[in-house]
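Q: The structure file upload-v6.pdb (PDB, C-alpha atoms) is provided below.
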ATOM      1  CA  MET A   1     190.487 175.807  76.486  1.00  0.00           C
ATOM      2  CA  ARG A   2     191.331 177.692  78.984  1.00  0.00           C
ATOM      3  CA  LEU A   3     190.389 181.341  78.877  1.00  0.00           C
ATOM      4  CA  SER A   4     189.682 181.761  82.535  1.00  0.00           C
ATOM      5  CA  VAL A   5     192.635 179.695  83.653  1.00  0.00           C
ATOM      6  CA  CYS A   6     194.680 181.899  81.419  1.00  0.00           C
ATOM      7  CA  LEU A   7     193.145 185.036  82.835  1.00  0.00           C
ATOM      8  CA  LEU A   8     193.723 183.853  86.362  1.00  0.00           C
ATOM      9  CA  LEU A   9     197.324 182.990  85.759  1.00  0.00           C
ATOM     10  CA  VAL A  10     198.026 186.128  83.778  1.00  0.00           C
ATOM     11  CA  THR A  11     196.465 188.215  86.501  1.00  0.00           C
ATOM     12  CA  LEU A  12     198.726 186.590  89.005  1.00  0.00           C
ATOM     13  CA  ALA A  13     201.689 186.937  86.709  1.00  0.00           C
ATOM     14  CA  LEU A  14     201.146 190.620  86.176  1.00  0.00           C
ATOM     15  CA  CYS A  15     201.087 191.043  89.920  1.00  0.00           C
ATOM     16  CA  CYS A  16     204.392 189.280  90.244  1.00  0.00           C
ATOM     17  CA  TYR A  17     207.557 191.136  90.810  1.00  0.00           C
ATOM     18  CA  ARG A  18     210.808 190.582  92.572  1.00  0.00           C
ATOM     19  CA  ALA A  19     212.219 193.082  95.042  1.00  0.00           C
ATOM     20  CA  ASN A  20     211.181 196.448  93.640  1.00  0.00           C
ATOM     21  CA  ALA A  21     210.861 195.253  90.089  1.00  0.00           C
ATOM     22  CA  LEU A  22     207.844 195.831  87.937  1.00  0.00           C
ATOM     23  CA  ALA A  23     205.733 193.003  86.611  1.00  0.00           C
ATOM     24  CA  CYS A  24     207.319 190.519  84.273  1.00  0.00           C
ATOM     25  CA  PRO A  25     205.228 190.559  81.109  1.00  0.00           C
ATOM     26  CA  ALA A  26     207.419 187.837  79.679  1.00  0.00           C
ATOM     27  CA  LEU A  27     206.113 185.482  82.329  1.00  0.00           C
ATOM     28  CA  ALA A  28     202.543 186.530  81.625  1.00  0.00           C
ATOM     29  CA  SER A  29     203.102 185.879  77.927  1.00  0.00           C
ATOM     30  CA  GLU A  30     204.518 182.487  78.659  1.00  0.00           C
ATOM     31  CA  ILE A  31     201.546 181.535  80.799  1.00  0.00           C
ATOM     32  CA  THR A  32     199.218 182.597  78.004  1.00  0.00           C
ATOM     33  CA  GLY A  33     201.263 180.603  75.554  1.00  0.00           C
ATOM     34  CA  PHE A  34     201.135 177.558  77.792  1.00  0.00           C
ATOM     35  CA  LEU A  35     197.368 177.630  77.534  1.00  0.00           C
ATOM     36  CA  PHE A  36     196.824 178.789  73.952  1.00  0.00           C
ATOM     37  CA  LEU A  37     199.817 178.022  71.783  1.00  0.00           C
ATOM     38  CA  ASN A  38     200.763 174.760  70.158  1.00  0.00           C
ATOM     39  CA  ASP A  39     203.971 173.052  71.193  1.00  0.00           C
ATOM     40  CA  ASP A  40     206.178 174.531  68.488  1.00  0.00           C
ATOM     41  CA  LEU A  41     205.123 178.099  69.162  1.00  0.00           C
ATOM     42  CA  LEU A  42     205.458 177.605  72.906  1.00  0.00           C
ATOM     43  CA  LYS A  43     208.994 176.348  72.407  1.00  0.00           C
ATOM     44  CA  LEU A  44     209.820 179.475  70.439  1.00  0.00           C
ATOM     45  CA  GLN A  45     208.291 181.640  73.125  1.00  0.00           C
ATOM     46  CA  VAL A  46     210.208 180.122  76.019  1.00  0.00           C
ATOM     47  CA  ALA A  47     213.486 179.912  74.124  1.00  0.00           C
ATOM     48  CA  LYS A  48     214.522 183.278  75.532  1.00  0.00           C
ATOM     49  CA  PHE A  49     214.525 181.783  79.018  1.00  0.00           C
ATOM     50  CA  ASN A  50     217.038 179.179  77.883  1.00  0.00           C
ATOM     51  CA  PRO A  51     215.372 176.449  79.931  1.00  0.00           C
ATOM     52  CA  PRO A  52     217.008 173.126  80.657  1.00  0.00           C
ATOM     53  CA  PRO A  53     215.703 170.519  78.182  1.00  0.00           C
ATOM     54  CA  GLU A  54     214.161 168.398  80.902  1.00  0.00           C
ATOM     55  CA  ALA A  55     212.297 171.425  82.275  1.00  0.00           C
ATOM     56  CA  LEU A  56     210.814 172.292  78.900  1.00  0.00           C
ATOM     57  CA  ALA A  57     209.891 168.660  78.289  1.00  0.00           C
ATOM     58  CA  ALA A  58     208.054 168.524  81.595  1.00  0.00           C
ATOM     59  CA  LYS A  59     206.136 171.693  80.787  1.00  0.00           C
ATOM     60  CA  LEU A  60     205.068 170.294  77.437  1.00  0.00           C
ATOM     61  CA  GLN A  61     204.026 167.034  79.015  1.00  0.00           C
ATOM     62  CA  VAL A  62     201.719 168.783  81.445  1.00  0.00           C
ATOM     63  CA  LYS A  63     200.465 171.024  78.670  1.00  0.00           C
ATOM     64  CA  HIS A  64     199.285 168.016  76.711  1.00  0.00           C
ATOM     65  CA  CYS A  65     196.972 167.259  79.590  1.00  0.00           C
ATOM     66  CA  THR A  66     195.751 170.791  80.203  1.00  0.00           C
ATOM     67  CA  ASP A  67     195.055 171.142  76.480  1.00  0.00           C
ATOM     68  CA  GLN A  68     192.267 168.612  76.981  1.00  0.00           C
ATOM     69  CA  ILE A  69     190.331 170.784  79.419  1.00  0.00           C
ATOM     70  CA  PRO A  70     187.242 172.119  77.639  1.00  0.00           C
ATOM     71  CA  LEU A  71     187.080 175.865  77.213  1.00  0.00           C
ATOM     72  CA  SER A  72     183.489 175.859  78.325  1.00  0.00           C
ATOM     73  CA  LEU A  73     184.529 174.689  81.761  1.00  0.00           C
ATOM     74  CA  LEU A  74     187.165 177.319  82.173  1.00  0.00           C
ATOM     75  CA  VAL A  75     185.456 180.419  80.845  1.00  0.00           C
ATOM     76  CA  TRP A  76     184.103 181.473  84.253  1.00  0.00           C
ATOM     77  CA  TRP A  77     187.250 180.860  86.264  1.00  0.00           C
ATOM     78  CA  GLY A  78     188.922 184.129  85.429  1.00  0.00           C
ATOM     79  CA  LYS A  79     186.108 186.440  86.449  1.00  0.00           C
ATOM     80  CA  PRO A  80     187.008 186.777  90.144  1.00  0.00           C
ATOM     81  CA  ALA A  81     190.666 187.038  89.234  1.00  0.00           C
ATOM     82  CA  PHE A  82     190.042 190.586  88.117  1.00  0.00           C
ATOM     83  CA  SER A  83     189.083 191.722  91.541  1.00  0.00           C
ATOM     84  CA  PRO A  84     190.694 195.067  92.334  1.00  0.00           C
ATOM     85  CA  GLU A  85     191.950 193.583  95.583  1.00  0.00           C
ATOM     86  CA  LEU A  86     194.490 191.625  93.614  1.00  0.00           C
TER      87      LEU A  86
ATOM     88  CA  MET B   1     187.127 185.409  73.354  1.00  0.00           C
ATOM     89  CA  LYS B   2     190.648 186.391  72.368  1.00  0.00           C
ATOM     90  CA  LEU B   3     189.550 190.019  72.012  1.00  0.00           C
ATOM     91  CA  LEU B   4     187.998 189.832  75.442  1.00  0.00           C
ATOM     92  CA  MET B   5     191.232 188.458  76.780  1.00  0.00           C
ATOM     93  CA  VAL B   6     193.209 191.297  75.242  1.00  0.00           C
ATOM     94  CA  LEU B   7     190.836 193.861  76.692  1.00  0.00           C
ATOM     95  CA  MET B   8     191.048 192.281  80.094  1.00  0.00           C
ATOM     96  CA  LEU B   9     194.814 192.166  79.957  1.00  0.00           C
ATOM     97  CA  ALA B  10     194.874 195.845  79.124  1.00  0.00           C
ATOM     98  CA  THR B  11     193.072 196.689  82.328  1.00  0.00           C
ATOM     99  CA  LEU B  12     195.173 194.567  84.605  1.00  0.00           C
ATOM    100  CA  PRO B  13     197.532 196.298  86.997  1.00  0.00           C
ATOM    101  CA  LEU B  14     201.102 196.113  85.852  1.00  0.00           C
ATOM    102  CA  HIS B  15     202.587 196.064  89.279  1.00  0.00           C
ATOM    103  CA  CYS B  16     201.710 195.183  92.779  1.00  0.00           C
ATOM    104  CA  TYR B  17     201.951 197.185  95.911  1.00  0.00           C
ATOM    105  CA  ALA B  18     203.216 194.640  98.351  1.00  0.00           C
ATOM    106  CA  ASP B  19     205.434 191.647  98.581  1.00  0.00           C
ATOM    107  CA  SER B  20     202.402 189.409  98.452  1.00  0.00           C
ATOM    108  CA  GLY B  21     201.977 190.234  94.802  1.00  0.00           C
ATOM    109  CA  CYS B  22     205.043 188.366  93.710  1.00  0.00           C
ATOM    110  CA  LYS B  23     204.551 185.672  96.269  1.00  0.00           C
ATOM    111  CA  LEU B  24     200.963 185.146  95.242  1.00  0.00           C
ATOM    112  CA  LEU B  25     201.798 183.791  91.836  1.00  0.00           C
ATOM    113  CA  GLU B  26     204.618 181.648  93.130  1.00  0.00           C
ATOM    114  CA  ASP B  27     202.370 180.274  95.856  1.00  0.00           C
ATOM    115  CA  VAL B  28     199.644 179.376  93.387  1.00  0.00           C
ATOM    116  CA  VAL B  29     202.147 177.646  91.145  1.00  0.00           C
ATOM    117  CA  GLU B  30     203.624 175.802  94.095  1.00  0.00           C
ATOM    118  CA  LYS B  31     200.190 174.614  95.192  1.00  0.00           C
ATOM    119  CA  THR B  32     199.437 173.504  91.666  1.00  0.00           C
ATOM    120  CA  ILE B  33     202.628 171.463  91.417  1.00  0.00           C
ATOM    121  CA  ASN B  34     202.580 170.108  94.973  1.00  0.00           C
ATOM    122  CA  SER B  35     201.405 166.515  94.817  1.00  0.00           C
ATOM    123  CA  ASP B  36     200.641 166.538  98.545  1.00  0.00           C
ATOM    124  CA  ILE B  37     197.768 168.933  97.932  1.00  0.00           C
ATOM    125  CA  SER B  38     194.643 167.141  96.836  1.00  0.00           C
ATOM    126  CA  ILE B  39     192.039 168.532  94.476  1.00  0.00           C
ATOM    127  CA  PRO B  40     189.599 169.423  97.290  1.00  0.00           C
ATOM    128  CA  GLU B  41     192.402 171.112  99.201  1.00  0.00           C
ATOM    129  CA  TYR B  42     193.501 172.942  96.078  1.00  0.00           C
ATOM    130  CA  LYS B  43     190.006 174.207  95.433  1.00  0.00           C
ATOM    131  CA  GLU B  44     189.710 175.381  99.008  1.00  0.00           C
ATOM    132  CA  LEU B  45     193.048 177.155  98.934  1.00  0.00           C
ATOM    133  CA  LEU B  46     192.116 178.970  95.730  1.00  0.00           C
ATOM    134  CA  GLN B  47     188.427 179.446  96.400  1.00  0.00           C
ATOM    135  CA  GLU B  48     188.723 183.216  96.183  1.00  0.00           C
ATOM    136  CA  PHE B  49     189.354 182.724  92.464  1.00  0.00           C
ATOM    137  CA  THR B  50     186.229 180.678  91.865  1.00  0.00           C
ATOM    138  CA  ASP B  51     182.660 181.806  92.056  1.00  0.00           C
ATOM    139  CA  SER B  52     180.875 179.006  90.294  1.00  0.00           C
ATOM    140  CA  GLU B  53     180.735 175.251  90.109  1.00  0.00           C
ATOM    141  CA  ALA B  54     182.036 175.377  86.563  1.00  0.00           C
ATOM    142  CA  ALA B  55     185.056 177.345  87.673  1.00  0.00           C
ATOM    143  CA  ALA B  56     185.712 174.954  90.535  1.00  0.00           C
ATOM    144  CA  GLU B  57     185.389 171.998  88.193  1.00  0.00           C
ATOM    145  CA  ALA B  58     187.850 173.573  85.784  1.00  0.00           C
ATOM    146  CA  MET B  59     190.248 174.196  88.634  1.00  0.00           C
ATOM    147  CA  GLY B  60     189.939 170.569  89.640  1.00  0.00           C
ATOM    148  CA  LYS B  61     190.690 169.329  86.143  1.00  0.00           C
ATOM    149  CA  PHE B  62     193.671 171.632  85.938  1.00  0.00           C
ATOM    150  CA  LYS B  63     195.028 170.321  89.225  1.00  0.00           C
ATOM    151  CA  GLN B  64     194.374 166.747  88.134  1.00  0.00           C
ATOM    152  CA  CYS B  65     196.713 167.246  85.197  1.00  0.00           C
ATOM    153  CA  PHE B  66     199.507 167.882  87.665  1.00  0.00           C
ATOM    154  CA  LEU B  67     198.537 165.123  90.058  1.00  0.00           C
ATOM    155  CA  SER B  68     198.722 162.631  87.205  1.00  0.00           C
ATOM    156  CA  GLN B  69     202.372 163.476  86.554  1.00  0.00           C
ATOM    157  CA  SER B  70     205.398 161.694  87.948  1.00  0.00           C
ATOM    158  CA  HIS B  71     207.433 163.267  90.721  1.00  0.00           C
ATOM    159  CA  ARG B  72     210.230 163.818  88.256  1.00  0.00           C
ATOM    160  CA  THR B  73     207.993 165.658  85.806  1.00  0.00           C
ATOM    161  CA  LEU B  74     206.627 167.882  88.569  1.00  0.00           C
ATOM    162  CA  LYS B  75     210.127 168.640  89.774  1.00  0.00           C
ATOM    163  CA  ASN B  76     211.173 169.611  86.269  1.00  0.00           C
ATOM    164  CA  PHE B  77     208.040 171.676  85.785  1.00  0.00           C
ATOM    165  CA  GLY B  78     208.997 173.573  88.923  1.00  0.00           C
ATOM    166  CA  LEU B  79     212.472 173.993  87.500  1.00  0.00           C
ATOM    167  CA  MET B  80     210.943 175.544  84.394  1.00  0.00           C
ATOM    168  CA  MET B  81     208.970 178.022  86.468  1.00  0.00           C
ATOM    169  CA  HIS B  82     211.967 179.036  88.542  1.00  0.00           C
ATOM    170  CA  THR B  83     214.038 179.397  85.397  1.00  0.00           C
ATOM    171  CA  MET B  84     211.568 182.019  84.252  1.00  0.00           C
ATOM    172  CA  TYR B  85     211.260 183.717  87.650  1.00  0.00           C
ATOM    173  CA  ASP B  86     215.023 184.034  87.879  1.00  0.00           C
ATOM    174  CA  SER B  87     215.566 185.102  84.296  1.00  0.00           C
ATOM    175  CA  ILE B  88     216.590 188.576  83.201  1.00  0.00           C
ATOM    176  CA  TRP B  89     213.077 188.986  81.810  1.00  0.00           C
ATOM    177  CA  CYS B  90     211.538 188.978  85.261  1.00  0.00           C
ATOM    178  CA  ILE B  91     214.063 190.776  87.347  1.00  0.00           C
ATOM    179  CA  LYS B  92     214.203 194.545  87.213  1.00  0.00           C
ATOM    180  CA  SER B  93     217.366 196.237  88.275  1.00  0.00           C
ATOM    181  CA  ASN B  94     217.036 199.552  90.130  1.00  0.00           C
TER     182      ASN B  94
END
For the file at hand, write its structure as structure tokens.
A:
Amino acid sequence: MRLSVCLLLVTLALCCYRANALACPALASEITGFLFLNDDLLKLQVAKFNPPPEALAAKLQVKHCTDQIPLSLLVWWGKPAFSPEL
Amino acid sequence: MKLLMVLMLATLPLHCYADSGCKLLEDVVEKTINSDISIPEYKELLQEFTDSEAAAEAMGKFKQCFLSQSHRTLKNFGLMMHTMYDSIWCIKSN
């Protein structure tokens, strides 16, 4: 799909922390999974977060739409996301 | 492309230096979910992440996927994101 969307979101995720915490790689992995994994694998990946069923269902519903975005359109999106300023 | 992704991930910073780092991701997610933000507005708000028409088009399609969802679905999608933010996997104890 979705390489540059993935790269953008992962970049943002790896810059995410709460209080003085370090980045949350689990969130970065989940974002990658949202873009690249099929539904079953994504469910396995997010199981550790113990999400409410309706929350997971909503994520999968949106994913079915984003899965339709052609990779060729998204390949350039991630390039500026790797700016050192981030 | 997957190898490229792995290589890029390996060079990414693993932490941020200011509060804006954490807030940045949450803000982007919020803007993506927020149905009051149109596609043109979304593109403008995130223009620093796009440097081509193709990238902007992709961003628009991504946003459209959220705009086409019901309020309930968007609310639950937000719940999913906050579930992850607030999980033990994303909170580091000092």
Q: Given the PyMOL selection byres ((chain B and resi 74) around 12) and the file above, list the residues it selects as an NGL selection string.
A: (:A and (54-62)) or (:B and (29-36 or 63 or 65-73 or 75-81))
Q: Could you check how far atom CA of A:Pro70 sits from atom CA of B:Ala56, in Å to one decimal?
A: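 Between these atoms lies a distance of 13.3 Å.
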Q: Between atom CA of B:Ile91 and atom CA of A:Phe34, what is the spacing in Å?
A: 20.8 Å
Q: So that I can check the surroundings of B:Met84, please list as a count of residues only every protein, DNA and RNA residue that reaches within 12 Å of it, counting all atoms listed in the file and ignoring chain neighbours fewer than 3 positions away.
A: 33
Q: What is the distance between atom CA of B:Leu45 and atom CA of A:Thr66, in Å to one decimal?
A: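 About the pair atom CA of B:Leu45 and atom CA of A:Thr66: they are 20.0 Å apart.
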